[in-house]
>>> print(open('my_file-v8.txt').read())   # compact mmCIF, C-alpha atoms and all ligand atoms
# COMPACT_ATOMS: atom_id res chain seq x y z
CA MET A 18 -9.08 -41.89 9.56
CA PRO A 19 -7.45 -40.01 6.69
CA SER A 20 -3.82 -40.91 6.28
CA HIS A 21 -1.33 -38.07 6.34
CA GLU A 22 1.59 -40.27 5.34
CA SER A 23 3.58 -38.80 2.49
CA PRO A 24 2.51 -40.28 -0.89
CA THR A 25 5.12 -42.83 -2.02
CA GLU A 26 5.58 -41.21 -5.44
CA PHE A 27 7.09 -38.13 -3.78
CA LEU A 28 10.29 -37.50 -1.92
CA LYS A 29 9.57 -35.11 0.89
CA GLU A 30 12.08 -32.59 2.24
CA GLN A 31 11.79 -29.60 4.57
CA LEU A 32 13.19 -26.56 2.77
CA THR A 33 12.63 -24.45 5.85
CA PRO A 34 10.24 -24.78 8.84
CA PHE A 35 7.35 -23.42 6.74
CA LEU A 36 7.97 -24.89 3.27
CA THR A 37 7.92 -28.54 2.20
CA LEU A 38 9.56 -29.64 -1.05
CA PHE A 39 8.17 -32.58 -3.03
CA THR A 40 10.21 -34.19 -5.82
CA PRO A 41 9.46 -37.33 -7.89
CA THR A 42 10.88 -40.63 -6.62
CA SER A 43 11.24 -42.04 -10.15
CA ASP A 44 11.47 -40.90 -13.77
CA GLN A 45 8.10 -42.51 -14.35
CA ASN A 46 6.48 -40.14 -11.85
CA LYS A 47 7.97 -37.05 -13.46
CA ASP A 48 5.27 -36.79 -16.12
CA GLN A 49 2.42 -37.48 -13.76
CA LEU A 50 2.33 -34.50 -11.46
CA GLN A 51 -1.28 -33.57 -12.24
CA ASP A 52 -2.57 -37.13 -11.74
CA LEU A 53 -0.56 -37.60 -8.58
CA ILE A 54 -1.73 -34.32 -7.09
CA GLU A 55 -5.33 -35.09 -7.97
CA LYS A 56 -5.01 -38.40 -6.17
CA ASN A 57 -3.45 -36.79 -3.10
CA ARG A 58 -5.09 -33.36 -3.19
CA GLU A 59 -6.24 -33.36 0.42
CA TYR A 60 -2.86 -34.45 1.66
CA PHE A 61 -1.12 -31.52 -0.05
CA LEU A 62 -3.70 -28.90 0.93
CA ASN A 63 -3.46 -30.19 4.48
CA GLU A 64 0.32 -29.80 4.28
CA VAL A 65 -0.13 -26.13 3.22
CA GLN A 66 -2.46 -25.61 6.16
CA LYS A 67 -0.12 -27.30 8.61
CA ARG A 68 3.17 -25.82 7.46
CA GLY A 69 2.56 -22.72 5.33
CA GLY A 70 3.50 -23.82 1.83
CA VAL A 71 4.54 -26.61 -0.52
CA VAL A 72 6.80 -26.66 -3.58
CA PHE A 73 6.79 -29.27 -6.38
CA ARG A 74 10.11 -29.54 -8.23
CA ASP A 75 11.76 -31.65 -10.96
CA PHE A 76 8.50 -32.67 -12.59
CA THR A 77 7.95 -32.12 -16.33
CA PRO A 78 7.03 -28.42 -16.59
CA ILE A 79 3.45 -27.56 -17.49
CA LYS A 80 2.58 -24.88 -20.10
CA VAL A 81 1.28 -21.40 -19.27
CA ASP A 82 -2.19 -22.15 -20.65
CA GLU A 83 -2.41 -25.30 -18.50
CA PHE A 84 -1.82 -23.48 -15.23
CA ASP A 85 -5.40 -22.31 -14.71
CA GLY A 86 -6.68 -25.86 -15.25
CA PHE A 87 -4.08 -27.11 -12.82
CA VAL A 88 -5.21 -24.67 -10.10
CA GLN A 89 -8.97 -24.73 -10.62
CA GLY A 90 -9.27 -28.29 -11.94
CA THR A 91 -6.59 -30.49 -10.42
CA LEU A 92 -6.31 -28.61 -7.12
CA GLU A 93 -10.01 -27.62 -7.11
CA LEU A 94 -9.20 -24.14 -5.83
CA GLU A 95 -11.31 -21.09 -6.65
CA ALA A 96 -9.39 -18.38 -8.51
CA PHE A 97 -9.87 -15.07 -6.69
CA ASN A 98 -7.66 -12.17 -7.74
CA THR A 99 -7.66 -9.32 -5.23
CA PHE A 100 -7.08 -6.73 -7.92
CA ASN A 101 -9.53 -8.29 -10.36
CA SER A 102 -12.09 -9.90 -8.06
CA LYS A 103 -14.90 -9.42 -10.58
CA GLY A 104 -13.02 -11.48 -13.17
CA THR A 105 -12.69 -8.71 -15.76
CA PRO A 106 -11.24 -10.05 -19.05
CA ALA A 107 -7.46 -9.73 -19.40
CA PHE A 108 -7.43 -6.84 -21.94
CA MET A 109 -9.73 -4.74 -19.71
CA ALA A 110 -7.88 -5.69 -16.51
CA ASN A 111 -4.60 -4.66 -18.14
CA TRP A 112 -6.13 -1.37 -19.30
CA LEU A 113 -7.34 -0.65 -15.75
CA ARG A 114 -3.98 -1.66 -14.36
CA SER A 115 -2.11 0.79 -16.59
CA TRP A 116 -4.73 3.49 -15.86
CA SER A 117 -4.13 3.02 -12.13
CA GLU A 118 -0.36 3.11 -12.69
CA LYS A 119 -0.78 6.50 -14.37
CA ILE A 120 -3.04 7.95 -11.72
CA LEU A 121 -1.04 6.61 -8.77
CA GLY A 122 2.31 7.36 -10.37
CA ALA A 123 3.55 3.77 -10.46
CA GLY A 124 2.73 0.10 -10.45
CA ASP A 125 4.82 -3.00 -10.47
CA TYR A 126 3.97 -3.68 -14.12
CA ARG A 127 2.48 -7.11 -13.61
CA ARG A 128 0.28 -8.17 -16.49
CA TYR A 129 -2.79 -10.36 -16.85
CA LEU A 130 -2.30 -13.29 -19.20
CA GLY A 131 -5.90 -14.35 -18.65
CA LYS A 132 -8.75 -13.57 -16.21
CA THR A 133 -7.01 -15.41 -13.41
CA THR A 134 -3.39 -15.67 -14.51
CA VAL A 135 -0.88 -12.90 -13.86
CA ARG A 136 2.72 -12.61 -14.93
CA LEU A 137 4.58 -10.93 -12.09
CA GLY A 138 6.55 -7.71 -12.59
CA PRO A 139 10.23 -7.57 -13.52
CA VAL A 140 13.15 -7.92 -11.16
CA GLU A 141 15.25 -4.84 -10.42
CA ASN A 142 18.39 -4.13 -8.48
CA SER A 143 16.28 -3.52 -5.38
CA ILE A 144 14.59 -5.50 -2.63
CA GLN A 145 10.83 -5.10 -2.41
CA GLY A 146 8.96 -4.30 0.79
CA PRO A 147 7.54 -7.42 2.46
CA HIS A 148 3.81 -7.97 2.04
CA VAL A 149 0.88 -10.32 1.88
CA GLU A 150 -0.57 -10.28 -1.64
CA GLY A 151 -3.44 -7.80 -1.90
CA GLY A 152 -2.75 -6.56 1.65
CA GLY A 153 -4.07 -3.07 0.78
CA LEU A 154 -7.58 -4.50 0.52
CA THR A 155 -9.61 -6.48 3.04
CA GLN A 156 -10.92 -8.92 0.40
CA ARG A 157 -7.89 -10.85 -0.71
CA SER A 158 -6.88 -14.40 -1.42
CA ARG A 159 -6.10 -17.09 1.13
CA LEU A 160 -3.72 -18.95 -1.15
CA LEU A 161 -1.15 -18.04 -3.78
CA THR A 162 -0.24 -20.51 -6.46
CA LEU A 163 2.92 -19.77 -8.42
CA CYS A 164 4.55 -21.43 -11.37
CA CYS A 165 8.03 -20.68 -12.65
CA PHE A 166 8.08 -20.97 -16.44
CA GLU A 167 11.54 -19.41 -16.65
CA PRO A 168 13.83 -18.43 -13.78
CA GLY A 169 15.64 -15.07 -13.69
CA GLN A 170 19.13 -14.70 -15.08
CA GLU A 171 20.77 -14.15 -11.73
CA ARG A 172 19.48 -14.33 -8.14
CA ALA A 173 15.95 -12.82 -8.36
CA GLU A 174 14.65 -15.08 -5.61
CA THR A 175 11.39 -14.60 -3.77
CA GLY A 176 11.94 -13.84 -0.09
CA ILE A 177 9.40 -15.64 2.07
CA ALA A 178 8.84 -15.39 5.84
CA ASP A 179 6.37 -16.82 8.33
CA PHE A 180 4.55 -13.69 9.53
CA SER A 181 3.15 -15.44 12.63
CA SER A 182 6.68 -16.31 13.67
CA VAL A 183 7.80 -12.71 12.92
CA TYR A 184 5.02 -11.39 15.18
CA LYS A 185 6.39 -13.38 18.13
CA ARG A 186 9.83 -11.86 17.66
CA LEU A 187 8.74 -8.21 17.70
CA PRO A 188 9.19 -5.95 20.73
CA ALA A 189 6.08 -5.98 22.98
CA GLU A 190 5.10 -2.37 22.19
CA LEU A 191 5.16 -2.95 18.45
CA GLN A 192 3.31 -6.24 18.89
CA GLU A 193 0.55 -4.38 20.68
CA LYS A 194 0.26 -1.78 17.91
CA LEU A 195 0.14 -4.35 15.16
CA LYS A 196 -2.13 -6.76 17.02
CA TYR A 197 -5.11 -4.41 17.27
CA GLY A 198 -4.04 -1.65 14.87
CA TRP A 199 -5.27 -0.99 11.35
CA ASN A 200 -3.27 -0.27 8.21
CA GLN A 201 -4.39 2.83 6.39
CA TYR A 202 -3.00 3.52 2.94
CA SER A 203 -3.63 6.86 1.26
CA TYR A 204 -2.40 8.22 -2.05
CA THR A 205 -2.06 11.63 -3.63
CA THR A 206 -2.83 11.36 -7.33
CA ALA A 207 0.02 11.88 -9.80
CA HIS A 208 -2.05 14.35 -11.84
CA PRO A 209 -5.29 16.36 -11.55
CA LEU A 210 -8.35 14.15 -11.99
CA ARG A 211 -10.22 14.19 -15.30
CA LEU A 212 -13.87 13.30 -15.65
CA LEU A 213 -13.07 9.74 -16.75
CA ASP A 214 -10.78 9.28 -13.74
CA ARG A 215 -13.56 10.33 -11.41
CA LEU A 216 -16.02 7.94 -13.03
CA ILE A 217 -13.64 5.01 -12.75
CA LEU A 218 -12.82 5.88 -9.14
CA LYS A 219 -16.53 5.69 -8.28
CA ILE A 220 -16.36 1.91 -8.75
CA SER A 221 -13.05 1.53 -6.90
CA PRO A 222 -12.78 0.74 -3.17
CA LEU A 223 -10.91 4.03 -2.61
CA SER A 224 -12.59 7.09 -1.10
CA VAL A 225 -11.85 10.28 -3.01
CA GLU A 226 -11.21 13.67 -1.47
CA MET A 227 -10.82 16.39 -4.10
CA ARG A 228 -8.30 19.16 -3.56
CA LYS A 229 -8.64 22.70 -4.87
CA ASP A 230 -5.84 22.16 -7.40
CA GLY A 231 -7.71 19.25 -9.03
CA TYR A 232 -5.50 16.56 -7.53
CA ALA A 233 -7.14 14.18 -5.07
CA THR A 234 -6.32 12.24 -1.95
CA LEU A 235 -7.41 8.63 -2.31
CA THR A 236 -7.83 6.65 0.88
CA GLY A 237 -8.18 2.89 1.05
CA GLN A 238 -10.41 0.98 3.44
CA LEU A 239 -8.89 0.22 6.84
CA CYS A 240 -7.25 -3.19 6.88
CA PRO A 241 -6.43 -5.10 10.10
CA ALA A 242 -2.67 -4.87 10.74
CA SER A 243 -2.84 -8.49 11.94
CA CYS A 244 -5.14 -11.43 11.34
CA LEU A 245 -5.63 -14.78 13.01
CA VAL A 246 -4.53 -17.60 10.72
CA PRO A 247 -7.77 -19.63 10.36
CA ASP A 248 -6.19 -23.06 10.88
CA THR A 249 -3.78 -22.27 13.68
CA ASP A 250 -5.39 -19.24 15.38
CA GLU A 251 -1.94 -17.69 15.56
CA ILE A 252 -1.55 -13.94 15.12
CA SER A 253 0.03 -13.07 11.79
CA ILE A 254 1.01 -9.57 10.75
CA GLN A 255 -0.45 -8.39 7.41
CA PRO A 256 1.83 -5.63 6.04
CA TRP A 257 1.73 -4.27 2.49
CA SER A 258 4.98 -2.32 2.33
CA PHE A 259 4.76 -0.32 -0.87
CA ALA A 260 4.48 3.12 0.73
CA ARG A 261 6.90 5.95 0.15
CA ASN A 262 7.16 6.79 3.86
CA SER A 263 8.27 3.27 4.82
CA ASN A 264 10.47 2.62 1.79
CA PRO A 265 13.76 4.05 3.20
CA GLN A 266 13.32 1.82 6.26
CA VAL A 267 12.79 -1.25 4.03
CA HIS A 268 16.03 -0.39 2.27
CA ARG A 269 17.97 0.23 5.49
CA ALA A 270 16.78 -3.06 7.01
CA ALA A 271 17.55 -4.98 3.79
CA LYS A 272 21.07 -3.49 3.72
CA GLU A 273 21.58 -4.54 7.31
CA VAL A 274 20.37 -8.14 6.85
CA PHE A 275 21.28 -8.99 3.24
CA LYS A 276 24.91 -7.91 3.29
CA ASP A 277 25.96 -10.08 0.33
CA ARG A 278 23.52 -8.68 -2.25
CA GLY A 279 25.72 -5.97 -3.77
CA ASP A 280 24.89 -2.28 -3.90
CA PHE A 281 21.12 -2.41 -4.43
CA THR A 282 18.86 0.64 -4.48
CA GLN A 283 15.51 1.50 -2.92
CA ASP A 284 12.47 -0.12 -4.53
CA SER A 285 11.48 2.18 -7.40
CA THR A 286 7.76 1.36 -7.31
CA ALA A 287 7.35 2.44 -3.70
CA ASP A 288 9.48 5.52 -4.36
CA ALA A 289 7.34 6.59 -7.31
CA LEU A 290 4.03 5.79 -5.65
CA ASN A 291 2.86 8.77 -3.64
CA MET A 292 1.42 6.56 -0.92
CA ASN A 293 1.51 6.94 2.82
CA TRP A 294 1.11 4.05 5.28
CA ASP A 295 -0.24 4.92 8.69
CA LEU A 296 -1.29 2.78 11.65
CA THR A 297 -4.64 3.76 13.12
CA ASP A 298 -7.27 2.63 15.61
CA SER A 299 -10.52 1.12 14.38
CA GLN A 300 -11.91 4.64 13.76
CA GLY A 301 -9.04 5.65 11.51
CA ASN A 302 -7.33 7.86 14.11
CA SER A 303 -3.58 7.64 13.78
CA ILE A 304 -1.76 5.75 16.53
CA GLY A 305 1.47 6.55 14.70
CA TRP A 306 4.56 4.52 14.19
CA SER A 307 8.09 5.79 14.07
CA GLU A 308 10.70 5.17 11.40
CA GLU A 309 12.58 3.16 14.03
CA GLU A 310 9.55 0.90 14.56
CA GLN A 311 9.23 0.42 10.80
CA TYR A 312 12.93 -0.45 10.59
CA THR A 313 12.55 -2.97 13.44
CA LEU A 314 9.59 -4.60 11.70
CA PHE A 315 11.39 -5.00 8.36
CA LYS A 316 14.63 -6.14 9.96
CA THR A 317 12.77 -8.82 11.95
CA ILE A 318 11.02 -10.01 8.78
CA PHE A 319 14.20 -10.10 6.69
CA ARG A 320 16.01 -12.05 9.41
CA GLU A 321 13.34 -14.75 9.16
CA ALA A 322 13.62 -14.97 5.37
CA TYR A 323 13.90 -18.04 3.24
CA LEU A 324 15.07 -17.08 -0.26
CA MET A 325 13.22 -19.21 -2.77
CA ASP A 326 15.55 -19.84 -5.70
CA TRP A 327 13.12 -20.75 -8.49
CA LYS A 328 13.87 -23.61 -10.85
CA LYS A 329 12.13 -24.00 -14.20
CA GLY A 330 8.87 -25.89 -13.69
CA ASP A 331 8.57 -25.22 -9.94
CA ILE A 332 5.00 -24.97 -8.68
CA ALA A 333 4.31 -23.53 -5.22
CA ILE A 334 1.18 -23.24 -3.10
CA ILE A 335 1.52 -20.64 -0.36
CA ASP A 336 -0.71 -19.62 2.56
CA ASN A 337 -1.12 -15.87 1.92
CA VAL A 338 -2.24 -15.12 5.50
CA ARG A 339 0.53 -16.88 7.35
CA LEU A 340 3.40 -16.32 4.91
CA GLY A 341 4.53 -13.00 3.49
CA HIS A 342 6.86 -12.48 0.55
CA TRP A 343 8.82 -9.97 -1.49
CA ARG A 344 11.03 -9.87 -4.58
CA MET A 345 14.77 -9.95 -4.03
CA ASN A 346 17.21 -8.08 -6.27
CA GLY A 347 18.76 -9.72 -9.31
CA VAL A 348 18.84 -9.77 -13.10
CA GLN A 349 15.51 -10.30 -14.85
CA GLY A 350 16.65 -12.16 -18.01
CA ASN A 351 13.57 -13.99 -19.30
CA ARG A 352 12.15 -14.61 -15.84
CA GLN A 353 8.55 -15.64 -16.11
CA LEU A 354 6.89 -16.19 -12.78
CA VAL A 355 3.14 -16.60 -13.04
CA GLN A 356 0.63 -16.34 -10.22
CA ILE A 357 -2.97 -17.33 -9.65
CA GLN A 358 -4.52 -16.08 -6.42
CA ALA A 359 -7.05 -18.50 -5.00
CA ASN A 360 -9.84 -18.85 -2.43
CA PRO A 361 -11.30 -15.56 -1.12
CA PHE A 362 -10.29 -14.40 2.35
CA ASP A 363 -12.02 -11.61 4.27
CA ALA A 364 -9.43 -9.98 6.56
CA LEU A 365 -12.19 -8.23 8.57
CA GLU A 366 -13.65 -11.58 9.62
CA HIS A 367 -10.27 -12.74 10.88
CA ARG A 368 -8.95 -9.69 12.69
CA VAL A 369 -7.68 -10.17 16.24
CA PRO A 370 -10.63 -9.58 18.59
CA GLU A 371 -9.94 -6.97 21.25
CA GLU A 372 -9.61 -8.55 24.67
CA VAL A 373 -12.37 -7.67 27.11
CA THR A 374 -10.79 -6.13 30.21
CA SER A 375 -11.98 -7.01 33.70
CA ASP A 376 -13.22 -3.38 34.11
CA GLU A 377 -15.49 -3.79 31.12
CA VAL A 378 -16.83 -7.07 32.49
CA MET A 379 -17.61 -5.38 35.84
CA ALA A 380 -19.44 -2.53 34.07
FE FE A 401 3.65 -9.93 -4.10
>>> encode(input="my_file-v8.txt", output="structure tokens")
Amino acid sequence: MPSHESPTEFLKEQLTPFLTLFTPTSDQNKDQLQDLIEKNREYFLNEVQKRGGVVFRDFTPIKVDEFDGFVQGTLELEAFNTFNSKGTPAFMANWLRSWSEKILGAGDYRRYLGKTTVRLGPVENSIQGPHVEGGGLTQRSRLLTLCCFEPGQERAETGIADFSSVYKRLPAELQEKLKYGWNQYSYTTAHPLRLLDRLILKISPLSVEMRKDGYATLTGQLCPASCLVPDTDEISIQPWSFARNSNPQVHRAAKEVFKDRGDFTQDSTADALNMNWDLTDSQGNSIGWSEEEQYTLFKTIFREAYLMDWKKGDIAIIDNVRLGHWRMNGVQGNRQLVQIQANPFDALEHRVPEEVTSDEVMA
């Protein structure tokens, strides 16, 4: 029988119902995080599965170029970046990223430090829309690993919520829509397409509909609005709230819940991105959702938030299906938060199966 007792070199504390904090029990253990994790790898990965996420704090910080080895070597996870799933080298991935920012009108200015390693975008005086990482695509990562090499100057926490717990707190009608519904994201390009744009778009997962004026409507693949968390079979909503049509509701809900955050503005990325988020059936026919429903969703998420206040050297492993996240407002300073997405996850394989009604059984 595998033992799930906490390893003696770690002090274990519940930060919140879905995050466990591990700190060293002695100075001697501080320098040995990699060895200690290697020795107890299954215990920690099991803890992520059971609870949602783990955080290691107060150990000697690792260096940026050691992070990939930590994730793929020590933890034995498989790096899988949703936005760079083919493992394009960093210079090319960055070029494609800035190309897509130009064509879509915005991006969050994250940058690849290596094939797998991404420095997250800067903090603003705004609160981001809640999302699962890569939620605009069906092939995404099951886990997020994050390392804080330098915290922000002020606030700049990461909001985290358990999206399976959020689902249970939604009104029944909205639950029903999100349980079987599909997220459809479509963009209008920021400028008319040139030949090179069209060639690049041929290898993207977006479908392209040309308009007479040379601009195009780009539509993403349908993504299940909810998935079953593989280990718990609980329904977890899978939003990716970067759309212009939902952005005012994100802001309104954030204002309502986070009353002590000063006079923050709407998220500028979602405002600049000409993207629309619709809920559809499995055929892509709109089932619609009102601004009030969007507001209710975001308010419910924000009320469930834990605000992760990063300390230098923190390393976190997060279940990207069960937990959602977003950037809080603050002052960037030299904040350097680096992410490696790991272990591929196919949202289509884990969508909530439609219940068979008794009428269908009779037929
Ligand atoms: Fe994110």
>>> closest_residue(input="my_file-v8.txt", among="A:Pro222, A:Gly69, A:Gly176, A:Gly350", to="ligand FE 401 (chain A)", atoms="all atoms listed in the file")
A:Gly176
>>> closest_residue(input="my_file-v8.txt", among="A:Ile254, A:Trp199, A:Thr40, A:Pro265", to="A:Val149", atoms="only C-alpha atoms")
A:Ile254
>>> residues_near_ligand(input="my_file-v8.txt", ligand="ligand FE 401 (chain A)", cutoff="9 Å", atoms="all atoms listed in the file", output="list in words")
Leu137, Gln145, Pro147, His148, Val149, Glu150, Gly151, Trp257, Gly341, His342, Trp343 and Arg344 of chain A
>>> write_last_selection(input="my_file-v8.txt", atoms="C-alpha atoms", output="CSV table (one decimal), keeping the file's coordinate frame")
chain,number,residue,atom,x,y,z
A,137,LEU,CA,4.6,-10.9,-12.1
A,145,GLN,CA,10.8,-5.1,-2.4
A,147,PRO,CA,7.5,-7.4,2.5
A,148,HIS,CA,3.8,-8.0,2.0
A,149,VAL,CA,0.9,-10.3,1.9
A,150,GLU,CA,-0.6,-10.3,-1.6
A,151,GLY,CA,-3.4,-7.8,-1.9
A,257,TRP,CA,1.7,-4.3,2.5
A,341,GLY,CA,4.5,-13.0,3.5
A,342,HIS,CA,6.9,-12.5,0.6
A,343,TRP,CA,8.8,-10.0,-1.5
A,344,ARG,CA,11.0,-9.9,-4.6
>>> atom_distance(input="my_file-v8.txt", atom1="atom CA of A:Val274", atom2="atom CA of A:Trp306")
21.5 Å
>>> residues_around(input="my_file-v8.txt", residues="A:Glu93", least_positions_apart="5", cutoff="9 Å", atoms="all atoms listed in the file", output="number ranges by chain")
A: 55, 58, 86-88
>>> atom_distance(input="my_file-v8.txt", atom1="atom CA of A:Val355", atom2="atom CA of A:Arg74")
15.5 Å
>>> residues_around(input="my_file-v8.txt", residues="A:Arg172", least_positions_apart="2", cutoff="8 Å", atoms="all atoms listed in the file", output="PyMOL selection string")
chain A and resi 169-170+174+326+345-348
>>> closest_residue(input="my_file-v8.txt", among="A:Tyr232, A:Phe281, A:Phe275, A:Trp294", to="A:Ser203", atoms="all atoms listed in the file")
A:Trp294
>>> residues_around(input="my_file-v8.txt", residues="A:Tyr204", least_positions_apart="3", cutoff="6 Å", atoms="all atoms listed in the file", output="list of chain:residue names")
A:Thr234, A:Leu235, A:Asn291, A:Met292
>>> residues_near_point(input="my_file-v8.txt", point="(-3.0, -1.3, 9.7)", cutoff="12 Å", atoms="all atoms listed in the file", output="PDB file with C-alpha atoms, in the frame of the given file")
ATOM      1  CA  GLY A 152      -2.750  -6.560   1.650  1.00  0.00           C
ATOM      2  CA  GLY A 153      -4.070  -3.070   0.780  1.00  0.00           C
ATOM      3  CA  LEU A 154      -7.580  -4.500   0.520  1.00  0.00           C
ATOM      4  CA  THR A 155      -9.610  -6.480   3.040  1.00  0.00           C
ATOM      5  CA  GLU A 193       0.550  -4.380  20.680  1.00  0.00           C
ATOM      6  CA  LYS A 194       0.260  -1.780  17.910  1.00  0.00           C
ATOM      7  CA  LEU A 195       0.140  -4.350  15.160  1.00  0.00           C
ATOM      8  CA  LYS A 196      -2.130  -6.760  17.020  1.00  0.00           C
ATOM      9  CA  TYR A 197      -5.110  -4.410  17.270  1.00  0.00           C
ATOM     10  CA  GLY A 198      -4.040  -1.650  14.870  1.00  0.00           C
ATOM     11  CA  TRP A 199      -5.270  -0.990  11.350  1.00  0.00           C
ATOM     12  CA  ASN A 200      -3.270  -0.270   8.210  1.00  0.00           C
ATOM     13  CA  GLN A 201      -4.390   2.830   6.390  1.00  0.00           C
ATOM     14  CA  TYR A 202      -3.000   3.520   2.940  1.00  0.00           C
ATOM     15  CA  SER A 203      -3.630   6.860   1.260  1.00  0.00           C
ATOM     16  CA  GLY A 237      -8.180   2.890   1.050  1.00  0.00           C
ATOM     17  CA  GLN A 238     -10.410   0.980   3.440  1.00  0.00           C
ATOM     18  CA  LEU A 239      -8.890   0.220   6.840  1.00  0.00           C
ATOM     19  CA  CYS A 240      -7.250  -3.190   6.880  1.00  0.00           C
ATOM     20  CA  PRO A 241      -6.430  -5.100  10.100  1.00  0.00           C
ATOM     21  CA  ALA A 242      -2.670  -4.870  10.740  1.00  0.00           C
ATOM     22  CA  SER A 243      -2.840  -8.490  11.940  1.00  0.00           C
ATOM     23  CA  CYS A 244      -5.140 -11.430  11.340  1.00  0.00           C
ATOM     24  CA  ILE A 254       1.010  -9.570  10.750  1.00  0.00           C
ATOM     25  CA  GLN A 255      -0.450  -8.390   7.410  1.00  0.00           C
ATOM     26  CA  PRO A 256       1.830  -5.630   6.040  1.00  0.00           C
ATOM     27  CA  TRP A 257       1.730  -4.270   2.490  1.00  0.00           C
ATOM     28  CA  SER A 258       4.980  -2.320   2.330  1.00  0.00           C
ATOM     29  CA  ASN A 293       1.510   6.940   2.820  1.00  0.00           C
ATOM     30  CA  TRP A 294       1.110   4.050   5.280  1.00  0.00           C
ATOM     31  CA  ASP A 295      -0.240   4.920   8.690  1.00  0.00           C
ATOM     32  CA  LEU A 296      -1.290   2.780  11.650  1.00  0.00           C
ATOM     33  CA  THR A 297      -4.640   3.760  13.120  1.00  0.00           C
ATOM     34  CA  ASP A 298      -7.270   2.630  15.610  1.00  0.00           C
ATOM     35  CA  SER A 299     -10.520   1.120  14.380  1.00  0.00           C
ATOM     36  CA  GLN A 300     -11.910   4.640  13.760  1.00  0.00           C
ATOM     37  CA  GLY A 301      -9.040   5.650  11.510  1.00  0.00           C
ATOM     38  CA  ASN A 302      -7.330   7.860  14.110  1.00  0.00           C
ATOM     39  CA  SER A 303      -3.580   7.640  13.780  1.00  0.00           C
ATOM     40  CA  ILE A 304      -1.760   5.750  16.530  1.00  0.00           C
ATOM     41  CA  GLY A 305       1.470   6.550  14.700  1.00  0.00           C
ATOM     42  CA  TRP A 306       4.560   4.520  14.190  1.00  0.00           C
ATOM     43  CA  ALA A 364      -9.430  -9.980   6.560  1.00  0.00           C
ATOM     44  CA  LEU A 365     -12.190  -8.230   8.570  1.00  0.00           C
ATOM     45  CA  ARG A 368      -8.950  -9.690  12.690  1.00  0.00           C
ATOM     46  CA  VAL A 369      -7.680 -10.170  16.240  1.00  0.00           C
TER      47      VAL A 369
END
>>> axis_aligned_box(input="my_file-v8.txt", around="stretch 253-269 of chain A", padding_each_side="3 Å", output="lines of an AutoDock Vina configuration file")
center_x = 8.8
center_y = -3.1
center_z = 5.5
size_x = 24.4
size_y = 25.9
size_z = 18.7
>>> residues_near_point(input="my_file-v8.txt", point="(0.8, -8.4, -12.7)", cutoff="10 Å", atoms="all atoms listed in the file", output="number ranges by chain")
A: 100, 110-111, 114, 124-130, 134-139, 354-356
>>> closest_residue(input="my_file-v8.txt", among="A:Ser117, A:Asn98, A:Asn337, A:Thr175", to="A:Tyr323", atoms="all atoms listed in the file")
A:Thr175
>>> atom_distance(input="my_file-v8.txt", atom1="atom CA of A:Thr77", atom2="atom CA of A:Glu59")
22.0 Å
>>> build_atoms(input="my_file-v8.txt", residues="stretch 316-326 of chain A", atoms="N, CA and C atoms", output="mmCIF file, keeping the file's coordinate frame")
data_model
loop_
_atom_site.group_PDB
_atom_site.id
_atom_site.type_symbol
_atom_site.label_atom_id
_atom_site.label_comp_id
_atom_site.auth_asym_id
_atom_site.auth_seq_id
_atom_site.Cartn_x
_atom_site.Cartn_y
_atom_site.Cartn_z
ATOM 1 N N LYS A 316 13.422 -5.390 9.622
ATOM 2 C CA LYS A 316 14.630 -6.140 9.960
ATOM 3 C C LYS A 316 14.247 -7.523 10.525
ATOM 4 N N THR A 317 13.214 -7.546 11.360
ATOM 5 C CA THR A 317 12.770 -8.820 11.950
ATOM 6 C C THR A 317 12.263 -9.747 10.845
ATOM 7 N N ILE A 318 11.524 -9.186 9.891
ATOM 8 C CA ILE A 318 11.020 -10.010 8.780
ATOM 9 C C ILE A 318 12.189 -10.560 7.960
ATOM 10 N N PHE A 319 13.098 -9.667 7.566
ATOM 11 C CA PHE A 319 14.200 -10.100 6.690
ATOM 12 C C PHE A 319 15.073 -11.163 7.377
ATOM 13 N N ARG A 320 15.206 -11.055 8.688
ATOM 14 C CA ARG A 320 16.010 -12.050 9.410
ATOM 15 C C ARG A 320 15.377 -13.432 9.395
ATOM 16 N N GLU A 321 14.066 -13.478 9.194
ATOM 17 C CA GLU A 321 13.340 -14.750 9.160
ATOM 18 C C GLU A 321 13.207 -15.303 7.750
ATOM 19 N N ALA A 322 13.885 -14.664 6.782
ATOM 20 C CA ALA A 322 13.620 -14.970 5.370
ATOM 21 C C ALA A 322 14.158 -16.315 4.923
ATOM 22 N N TYR A 323 13.391 -16.952 4.074
ATOM 23 C CA TYR A 323 13.900 -18.040 3.240
ATOM 24 C C TYR A 323 13.896 -17.493 1.815
ATOM 25 N N LEU A 324 15.021 -17.601 1.106
ATOM 26 C CA LEU A 324 15.070 -17.080 -0.260
ATOM 27 C C LEU A 324 14.813 -18.212 -1.243
ATOM 28 N N MET A 325 13.653 -18.152 -1.848
ATOM 29 C CA MET A 325 13.220 -19.210 -2.770
ATOM 30 C C MET A 325 13.896 -18.996 -4.119
ATOM 31 N N ASP A 326 14.801 -19.921 -4.448
ATOM 32 C CA ASP A 326 15.550 -19.840 -5.700
ATOM 33 C C ASP A 326 14.793 -20.691 -6.731
#
